[in-house]
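> Please find my_file_9.pdb (PDB, C-alpha atoms) on the next line:
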```
MODEL        1
ATOM      1  CA  MET S  10       0.000   0.000   0.000
ATOM      2  CA  LYS S  11       2.870   2.344   0.756
ATOM      3  CA  ALA S  12       4.324   1.719  -2.711
ATOM      4  CA  VAL S  13       0.950   2.596  -4.208
ATOM      5  CA  HIS S  14       0.860   5.889  -2.313
ATOM      6  CA  GLY S  15       4.358   6.635  -3.594
ATOM      7  CA  ALA S  16       3.261   5.925  -7.136
ATOM      8  CA  VAL S  17       0.268   8.229  -6.838
ATOM      9  CA  ARG S  18       2.490  10.945  -5.425
ATOM     10  CA  SER S  19       4.936  10.548  -8.309
ATOM     11  CA  TRP S  20       2.071  10.659 -10.758
ATOM     12  CA  ALA S  21       0.662  13.850  -9.214
ATOM     13  CA  LEU S  22       4.116  15.447  -8.974
ATOM     14  CA  GLN S  23       4.815  14.608 -12.599
ATOM     15  CA  ARG S  24       1.640  16.349 -13.720
ATOM     16  CA  ALA S  25       1.889  19.375 -11.441
ATOM     17  CA  THR S  26       5.492  20.072 -12.471
ATOM     18  CA  ALA S  27       4.612  19.540 -16.134
ATOM     19  CA  VAL S  28       1.751  22.024 -16.011
ATOM     20  CA  PHE S  29       3.822  24.652 -14.222
ATOM     21  CA  ALA S  30       6.809  24.199 -16.542
ATOM     22  CA  LEU S  31       4.595  24.382 -19.618
ATOM     23  CA  ALA S  32       2.839  27.539 -18.383
ATOM     24  CA  PHE S  33       6.175  29.205 -17.639
ATOM     25  CA  LEU S  34       7.657  28.132 -20.971
ATOM     26  CA  LEU S  35       4.660  29.480 -22.905
ATOM     27  CA  TYR S  36       4.916  32.801 -21.076
ATOM     28  CA  PHE S  37       8.688  32.919 -21.649
ATOM     29  CA  LEU S  38       8.524  32.161 -25.385
ATOM     30  CA  LEU S  39       5.536  34.451 -26.010
ATOM     31  CA  HIS S  40       7.241  37.300 -24.189
ATOM     32  CA  LEU S  41      10.436  36.625 -26.122
ATOM     33  CA  ALA S  42       8.544  36.736 -29.413
ATOM     34  CA  LEU S  43       6.213  39.663 -28.699
ATOM     35  CA  VAL S  44       8.472  41.956 -26.665
ATOM     36  CA  PRO S  45      11.987  40.851 -27.683
ATOM     37  CA  PRO S  46      14.556  42.159 -25.205
ATOM     38  CA  VAL S  47      17.179  43.496 -27.622
ATOM     39  CA  THR S  48      19.752  45.072 -25.342
ATOM     40  CA  PRO S  49      21.513  43.345 -22.436
ATOM     41  CA  ALA S  50      19.870  45.928 -20.152
ATOM     42  CA  GLU S  51      16.393  44.925 -21.314
ATOM     43  CA  TRP S  52      17.230  41.229 -20.951
ATOM     44  CA  ARG S  53      18.521  41.725 -17.408
ATOM     45  CA  GLY S  54      15.664  44.044 -16.517
ATOM     46  CA  TRP S  55      13.200  41.354 -17.515
ATOM     47  CA  LEU S  56      14.887  38.293 -16.004
ATOM     48  CA  LEU S  57      16.143  39.918 -12.822
ATOM     49  CA  ALA S  58      12.822  41.369 -11.679
ATOM     50  CA  PRO S  59      12.078  39.681  -8.329
ATOM     51  CA  ALA S  60       8.974  37.854  -9.585
ATOM     52  CA  MET S  61      10.854  36.570 -12.626
ATOM     53  CA  ARG S  62      13.791  35.355 -10.521
ATOM     54  CA  LEU S  63      11.369  33.406  -8.354
ATOM     55  CA  ALA S  64       9.455  32.054 -11.377
ATOM     56  CA  MET S  65      12.683  30.915 -13.072
ATOM     57  CA  LEU S  66      13.933  29.217  -9.937
ATOM     58  CA  LEU S  67      10.576  27.454  -9.546
ATOM     59  CA  PHE S  68      10.735  26.475 -13.230
ATOM     60  CA  PHE S  69      14.131  24.811 -12.821
ATOM     61  CA  VAL S  70      13.020  23.106  -9.596
ATOM     62  CA  ALA S  71       9.881  21.842 -11.362
ATOM     63  CA  VAL S  72      11.833  20.582 -14.376
ATOM     64  CA  ALA S  73      14.398  18.890 -12.125
ATOM     65  CA  LEU S  74      11.662  17.096 -10.142
ATOM     66  CA  HIS S  75       9.937  16.154 -13.397
ATOM     67  CA  ALA S  76      13.188  14.787 -14.830
ATOM     68  CA  TRP S  77      13.916  12.961 -11.568
ATOM     69  CA  VAL S  78      10.609  11.070 -11.645
ATOM     70  CA  GLY S  79      10.891  10.345 -15.358
ATOM     71  CA  VAL S  80      14.527   9.238 -15.577
ATOM     72  CA  ARG S  81      14.344   7.412 -12.233
ATOM     73  CA  ASP S  82      11.588   5.238 -13.676
ATOM     74  CA  VAL S  83      13.674   4.548 -16.785
ATOM     75  CA  ILE S  84      16.661   3.602 -14.613
ATOM     76  CA  LEU S  85      14.551   1.329 -12.375
ATOM     77  CA  ASP S  86      13.043  -0.330 -15.443
ATOM     78  CA  TYR S  87      16.244  -0.945 -17.380
ATOM     79  CA  ILE S  88      19.157  -1.153 -14.933
ATOM     80  CA  LYS S  89      18.840  -4.218 -12.734
ATOM     81  CA  PRO S  90      22.259  -4.716 -11.014
ATOM     82  CA  LEU S  91      22.013  -2.914  -7.682
ATOM     83  CA  GLY S  92      25.392  -1.174  -7.822
ATOM     84  CA  LEU S  93      24.886   0.203 -11.323
ATOM     85  CA  ARG S  94      21.366   1.222 -10.446
ATOM     86  CA  LEU S  95      22.437   3.171  -7.365
ATOM     87  CA  GLY S  96      25.291   4.722  -9.299
ATOM     88  CA  ALA S  97      22.965   5.888 -12.066
ATOM     89  CA  LEU S  98      20.469   7.313  -9.565
ATOM     90  CA  LEU S  99      23.259   9.131  -7.741
ATOM     91  CA  LEU S 100      24.600  10.568 -10.978
ATOM     92  CA  LEU S 101      21.109  11.726 -11.960
ATOM     93  CA  ALA S 102      20.548  13.336  -8.558
ATOM     94  CA  LEU S 103      23.879  15.170  -8.746
ATOM     95  CA  TRP S 104      23.209  16.245 -12.326
ATOM     96  CA  LEU S 105      19.810  17.738 -11.485
ATOM     97  CA  ALA S 106      20.757  19.180  -8.101
ATOM     98  CA  GLY S 107      23.856  20.707  -9.686
ATOM     99  CA  THR S 108      21.752  22.415 -12.348
ATOM    100  CA  VAL S 109      19.254  23.799  -9.846
ATOM    101  CA  GLY S 110      22.055  24.856  -7.513
ATOM    102  CA  TRP S 111      23.817  26.702 -10.318
ATOM    103  CA  VAL S 112      20.620  28.518 -11.310
ATOM    104  CA  ALA S 113      19.909  29.416  -7.681
ATOM    105  CA  LEU S 114      23.431  30.757  -7.299
ATOM    106  CA  THR S 115      23.194  32.739 -10.540
ATOM    107  CA  LEU S 116      19.816  34.224  -9.663
ATOM    108  CA  SER S 117      20.717  35.065  -6.095
ATOM    109  CA  THR S 118      24.038  36.722  -6.942
ATOM    110  CA  ALA S 119      23.197  38.522 -10.220
ATOM    111  CA  ALA S 120      22.730  42.197  -9.481
TER     112      ALA S 120
ATOM    113  CA  MET Z  16      18.764  14.406 -24.390
ATOM    114  CA  LEU Z  17      16.509  17.006 -22.790
ATOM    115  CA  VAL Z  18      17.928  16.077 -19.379
ATOM    116  CA  LEU Z  19      21.478  16.152 -20.712
ATOM    117  CA  VAL Z  20      21.133  19.774 -21.870
ATOM    118  CA  LEU Z  21      19.675  21.067 -18.586
ATOM    119  CA  PRO Z  22      23.058  22.275 -17.282
ATOM    120  CA  LEU Z  23      23.500  24.023 -20.647
ATOM    121  CA  ALA Z  24      20.379  26.051 -19.850
ATOM    122  CA  ALA Z  25      21.867  26.969 -16.475
ATOM    123  CA  TYR Z  26      25.135  27.900 -18.192
ATOM    124  CA  LEU Z  27      23.388  30.096 -20.780
ATOM    125  CA  LEU Z  28      21.390  31.849 -18.078
ATOM    126  CA  HIS Z  29      24.542  32.410 -16.063
ATOM    127  CA  ARG Z  30      26.509  33.801 -19.018
ATOM    128  CA  SER Z  31      23.649  35.924 -20.355
ATOM    129  CA  LEU Z  32      23.306  37.694 -17.015
ATOM    130  CA  GLY Z  33      27.045  38.207 -16.584
ATOM    131  CA  ALA Z  34      28.730  41.548 -17.063
ATOM    132  CA  ASP Z  35      30.503  40.469 -20.263
ATOM    133  CA  ALA Z  36      27.414  39.097 -22.019
ATOM    134  CA  ASP Z  37      27.773  39.627 -25.771
ATOM    135  CA  LEU Z  38      24.569  38.871 -27.666
ATOM    136  CA  SER Z  39      26.146  39.061 -31.140
ATOM    137  CA  SER Z  40      28.543  36.190 -30.408
ATOM    138  CA  TRP Z  41      25.520  34.120 -29.316
ATOM    139  CA  ALA Z  42      23.804  34.818 -32.611
ATOM    140  CA  SER Z  43      26.838  33.628 -34.558
ATOM    141  CA  VAL Z  44      26.947  30.378 -32.557
ATOM    142  CA  LEU Z  45      23.252  29.816 -33.276
ATOM    143  CA  ARG Z  46      23.762  30.560 -36.975
ATOM    144  CA  SER Z  47      26.611  28.076 -37.357
ATOM    145  CA  GLY Z  48      25.872  24.650 -38.819
ATOM    146  CA  PRO Z  49      26.168  22.692 -35.545
ATOM    147  CA  GLY Z  50      24.234  25.462 -33.754
ATOM    148  CA  ARG Z  51      21.346  25.166 -36.180
ATOM    149  CA  LEU Z  52      21.363  21.388 -35.991
ATOM    150  CA  ALA Z  53      21.266  21.573 -32.188
ATOM    151  CA  VAL Z  54      18.356  24.036 -32.271
ATOM    152  CA  LEU Z  55      16.408  21.777 -34.661
ATOM    153  CA  LEU Z  56      17.055  18.612 -32.637
ATOM    154  CA  LEU Z  57      16.140  20.283 -29.360
ATOM    155  CA  THR Z  58      13.028  21.853 -30.872
ATOM    156  CA  TRP Z  59      11.898  18.485 -32.134
ATOM    157  CA  SER Z  60      12.598  16.706 -28.825
ATOM    158  CA  ALA Z  61      11.039  19.389 -26.661
ATOM    159  CA  VAL Z  62       7.902  19.816 -28.784
ATOM    160  CA  HIS Z  63       7.421  16.068 -29.113
ATOM    161  CA  HIS Z  64       7.845  15.605 -25.365
ATOM    162  CA  THR Z  65       5.420  18.446 -24.633
ATOM    163  CA  ALA Z  66       2.781  17.294 -27.122
ATOM    164  CA  ALA Z  67       3.016  13.713 -25.866
ATOM    165  CA  GLY Z  68       2.724  15.025 -22.309
ATOM    166  CA  VAL Z  69      -0.388  17.042 -23.096
ATOM    167  CA  ARG Z  70      -1.811  13.904 -24.751
ATOM    168  CA  HIS Z  71      -1.316  12.024 -21.490
ATOM    169  CA  LEU Z  72      -2.875  14.861 -19.484
ATOM    170  CA  LEU Z  73      -5.911  14.593 -21.760
ATOM    171  CA  PHE Z  74      -6.017  10.821 -21.153
ATOM    172  CA  ASP Z  75      -5.984  11.496 -17.402
ATOM    173  CA  ALA Z  76      -8.814  13.977 -17.849
ATOM    174  CA  GLY Z  77     -10.792  11.245 -19.597
ATOM    175  CA  TYR Z  78     -10.414  12.282 -23.225
ATOM    176  CA  GLY Z  79      -9.363  10.116 -26.139
ATOM    177  CA  ASN Z  80      -9.073   6.850 -24.269
ATOM    178  CA  ARG Z  81     -10.633   4.740 -27.002
ATOM    179  CA  TYR Z  82      -8.124   2.755 -29.013
ATOM    180  CA  ARG Z  83      -8.720   4.447 -32.363
ATOM    181  CA  GLN Z  84      -8.608   7.918 -30.811
ATOM    182  CA  ALA Z  85      -5.399   7.051 -28.998
ATOM    183  CA  ARG Z  86      -3.826   5.795 -32.226
ATOM    184  CA  ARG Z  87      -4.811   8.974 -33.988
ATOM    185  CA  SER Z  88      -3.545  11.293 -31.232
ATOM    186  CA  ALA Z  89      -0.217   9.423 -31.186
ATOM    187  CA  TRP Z  90       0.227  10.308 -34.865
ATOM    188  CA  THR Z  91      -0.927  13.860 -34.149
ATOM    189  CA  VAL Z  92       1.920  14.182 -31.630
ATOM    190  CA  HIS Z  93       4.401  13.163 -34.338
ATOM    191  CA  GLY Z  94       2.776  15.592 -36.759
ATOM    192  CA  ILE Z  95       2.901  18.556 -34.365
ATOM    193  CA  ALA Z  96       6.543  17.937 -33.451
ATOM    194  CA  ILE Z  97       7.668  17.564 -37.065
ATOM    195  CA  ALA Z  98       5.569  20.533 -38.219
ATOM    196  CA  VAL Z  99       7.003  22.891 -35.587
ATOM    197  CA  THR Z 100      10.546  21.700 -36.355
ATOM    198  CA  LEU Z 101       9.974  22.300 -40.076
ATOM    199  CA  LEU Z 102       8.664  25.790 -39.275
ATOM    200  CA  VAL Z 103      11.873  26.546 -37.386
ATOM    201  CA  LEU Z 104      13.892  25.161 -40.309
ATOM    202  CA  LEU Z 105      11.863  27.343 -42.687
ATOM    203  CA  ALA Z 106      12.503  30.395 -40.511
ATOM    204  CA  MET Z 107      16.237  29.594 -40.594
ATOM    205  CA  VAL Z 108      16.266  29.253 -44.390
ATOM    206  CA  TRP Z 109      14.164  32.370 -44.825
ATOM    207  CA  GLY Z 110      16.387  34.304 -42.451
ATOM    208  CA  SER Z 111      19.532  33.365 -44.373
ATOM    209  CA  VAL Z 112      18.218  34.140 -47.890
ATOM    210  CA  ARG Z 113      16.692  37.449 -46.848
TER     211      ARG Z 113
ENDMDL
END
```
In C-alpha cells, how does this file's structure come out?

Amino acid sequence: MKAVHGAVRSWALQRATAVFALAFLLYFLLHLALVPPVTPAEWRGWLLAPAMRLAMLLFFVAVALHAWVGVRDVILDYIKPLGLRLGALLLLALWLAGTVGWVALTLSTAA
Amino acid sequence: MLVLVLPLAAYLLHRSLGADADLSSWASVLRSGPGRLAVLLLTWSAVHHTAAGVRHLLFDAGYGNRYRQARRSAWTVHGIAIAVTLLVLLAMVWGSVR
C-alpha cells in the first residue's frame, strides 16, 4: 500500500510540475517573441525582476523534479544490477541538483 | 537528451546575465551549422515531449481513451513535433536568404 501511495504521489508530482513548466515556458517564449529584449539591459531588466527570478527558480526546480521522476523510472526499469542502479540514480541526482544549484546561485548573486 | 542539456540552460542563463554578455557572439553560434542542428534537434525533442505530455494529461482527464482515438492522437503528436521543427527550419532558411 505504501508503494501505491508513492506511485500516486509521483504521478501527481509529474503532472503538477509539467503544467507549471509548460505555463512558464509558454509565457517565456511568447514574451520573447512579442516583446523581444534586444539590449543586455532589457534582458537583465526582464529576467532579474524579483517575480521573474522566483518564477525561473521554480521552473528549474519543477523541471528537475519532473526529470527525476521520469529518468528514475527509466533507470529502475532498465538497470537491474544494484550497484549500477544506485550509481545511475546518484549521478542523476547530482546532475539535477547541480543544475538547480547553479541557477539558484546565478539568480541570487546577479545584481 | 533534454535532461542532458539542462546544465546548458543553467550555463546560458549564467553567461547571459554576466557583465561580459555579448549577444552578437551568441547569434553567430546559433547561426553556425552545428548550432542550427542543435536548435532543430532540441526543438523536435522538446515539442514532441510536450505534445506527448499534453496527450497524457488529456487521457488522465478522460479524453481520447478509445483505441482508435489514442492511435490517432499518437500520430498527431508526431505531426505537431515535425511541423514545428519544419517551421523553425523554414525560418532559418528564410532568415539566411533574406
> Which residue gives the smallest distance to chain S among Z:Arg46, Z:His63, Z:His71, Z:Arg83, with only C-alpha atoms counted?
Z:His71
> Kindly give the distance, in Å, that separates CA of Trp20 in chain S and CA of Leu17 in chain Z, rounded to a single decimal.
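So the answer is 19.8 Å.
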> So how far away is CA of Ala76 in chain Z from CA of Leu74 in chain S, in Å?
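Straight-line distance from CA of Leu74 in chain S to CA of Ala76 in chain Z works out to 22.1 Å.
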> Identify, on the basis of only C-alpha atoms, every residue whose closest approach to Trp111 in chain S does not exceed 10 Å; exclude the query and any residue fewer than 6 positions from it along the same chain; express the result as a list in words.
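Listed by chain and then number, they are Leu105 and Ser117 of chain S; Pro22, Ala25, Tyr26, Leu28 and His29 of chain Z.
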> Could you write out the selected residues, including C-alpha atoms, as a compact mmCIF listing (two decimals), in the coordinates of the input?

```txt
# COMPACT_ATOMS: atom_id res chain seq x y z
CA LEU S 105 19.81 17.74 -11.48
CA SER S 117 20.72 35.06 -6.10
CA PRO Z 22 23.06 22.28 -17.28
CA ALA Z 25 21.87 26.97 -16.48
CA TYR Z 26 25.14 27.90 -18.19
CA LEU Z 28 21.39 31.85 -18.08
CA HIS Z 29 24.54 32.41 -16.06
```
> Evaluate the ChimeraX specification (/Z :<6) & /S here and jot the selected residues down as a PyMOL selection string.
chain S and resi 108+112+115
> For range 62-82 of chain Z, which lacks atoms in the input, supply N, CA and C atoms and format the output as an mmCIF file, keeping the file's coordinate frame.

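So part23.cif came out as:
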```cif
data_model
loop_
_atom_site.group_PDB
_atom_site.id
_atom_site.type_symbol
_atom_site.label_atom_id
_atom_site.label_comp_id
_atom_site.auth_asym_id
_atom_site.auth_seq_id
_atom_site.Cartn_x
_atom_site.Cartn_y
_atom_site.Cartn_z
ATOM 1 N N VAL Z 62 9.301 19.717 -28.350
ATOM 2 C CA VAL Z 62 7.902 19.816 -28.784
ATOM 3 C C VAL Z 62 7.242 18.442 -28.739
ATOM 4 N N HIS Z 63 7.991 17.419 -29.172
ATOM 5 C CA HIS Z 63 7.421 16.068 -29.113
ATOM 6 C C HIS Z 63 7.091 15.680 -27.669
ATOM 7 N N HIS Z 64 8.033 15.928 -26.779
ATOM 8 C CA HIS Z 64 7.845 15.605 -25.365
ATOM 9 C C HIS Z 64 6.632 16.348 -24.799
ATOM 10 N N THR Z 65 6.530 17.636 -25.148
ATOM 11 C CA THR Z 65 5.420 18.446 -24.633
ATOM 12 C C THR Z 65 4.078 17.979 -25.194
ATOM 13 N N ALA Z 66 4.042 17.730 -26.508
ATOM 14 C CA ALA Z 66 2.781 17.294 -27.122
ATOM 15 C C ALA Z 66 2.351 15.930 -26.562
ATOM 16 N N ALA Z 67 3.333 15.033 -26.421
ATOM 17 C CA ALA Z 67 3.016 13.713 -25.866
ATOM 18 C C ALA Z 67 2.539 13.851 -24.418
ATOM 19 N N GLY Z 68 3.127 14.798 -23.696
ATOM 20 C CA GLY Z 68 2.724 15.025 -22.309
ATOM 21 C C GLY Z 68 1.304 15.550 -22.216
ATOM 22 N N VAL Z 69 0.974 16.506 -23.086
ATOM 23 C CA VAL Z 69 -0.388 17.042 -23.096
ATOM 24 C C VAL Z 69 -1.379 15.934 -23.456
ATOM 25 N N ARG Z 70 -0.965 15.040 -24.379
ATOM 26 C CA ARG Z 70 -1.811 13.904 -24.751
ATOM 27 C C ARG Z 70 -2.117 13.054 -23.517
ATOM 28 N N HIS Z 71 -1.084 12.834 -22.690
ATOM 29 C CA HIS Z 71 -1.316 12.024 -21.490
ATOM 30 C C HIS Z 71 -2.162 12.757 -20.459
ATOM 31 N N LEU Z 72 -2.009 14.091 -20.386
ATOM 32 C CA LEU Z 72 -2.875 14.861 -19.484
ATOM 33 C C LEU Z 72 -4.326 14.738 -19.928
ATOM 34 N N LEU Z 73 -4.544 14.749 -21.244
ATOM 35 C CA LEU Z 73 -5.911 14.593 -21.760
ATOM 36 C C LEU Z 73 -6.449 13.202 -21.446
ATOM 37 N N PHE Z 74 -5.594 12.175 -21.551
ATOM 38 C CA PHE Z 74 -6.017 10.821 -21.153
ATOM 39 C C PHE Z 74 -6.480 10.833 -19.700
ATOM 40 N N ASP Z 75 -5.657 11.458 -18.831
ATOM 41 C CA ASP Z 75 -5.984 11.496 -17.402
ATOM 42 C C ASP Z 75 -7.307 12.197 -17.166
ATOM 43 N N ALA Z 76 -7.579 13.222 -18.008
ATOM 44 C CA ALA Z 76 -8.814 13.977 -17.849
ATOM 45 C C ALA Z 76 -9.990 13.233 -18.496
ATOM 46 N N GLY Z 77 -9.709 12.066 -19.086
ATOM 47 C CA GLY Z 77 -10.792 11.245 -19.597
ATOM 48 C C GLY Z 77 -11.081 11.408 -21.080
ATOM 49 N N TYR Z 78 -10.187 12.108 -21.793
ATOM 50 C CA TYR Z 78 -10.414 12.282 -23.225
ATOM 51 C C TYR Z 78 -9.566 11.328 -24.053
ATOM 52 N N GLY Z 79 -10.127 10.860 -25.145
ATOM 53 C CA GLY Z 79 -9.363 10.116 -26.139
ATOM 54 C C GLY Z 79 -8.857 8.767 -25.693
ATOM 55 N N ASN Z 80 -9.563 8.123 -24.777
ATOM 56 C CA ASN Z 80 -9.073 6.850 -24.269
ATOM 57 C C ASN Z 80 -9.427 5.658 -25.150
ATOM 58 N N ARG Z 81 -10.292 5.866 -26.124
ATOM 59 C CA ARG Z 81 -10.633 4.740 -27.002
ATOM 60 C C ARG Z 81 -9.467 4.467 -27.948
ATOM 61 N N TYR Z 82 -9.314 3.188 -28.287
ATOM 62 C CA TYR Z 82 -8.124 2.755 -29.013
ATOM 63 C C TYR Z 82 -7.868 3.571 -30.280
#
```
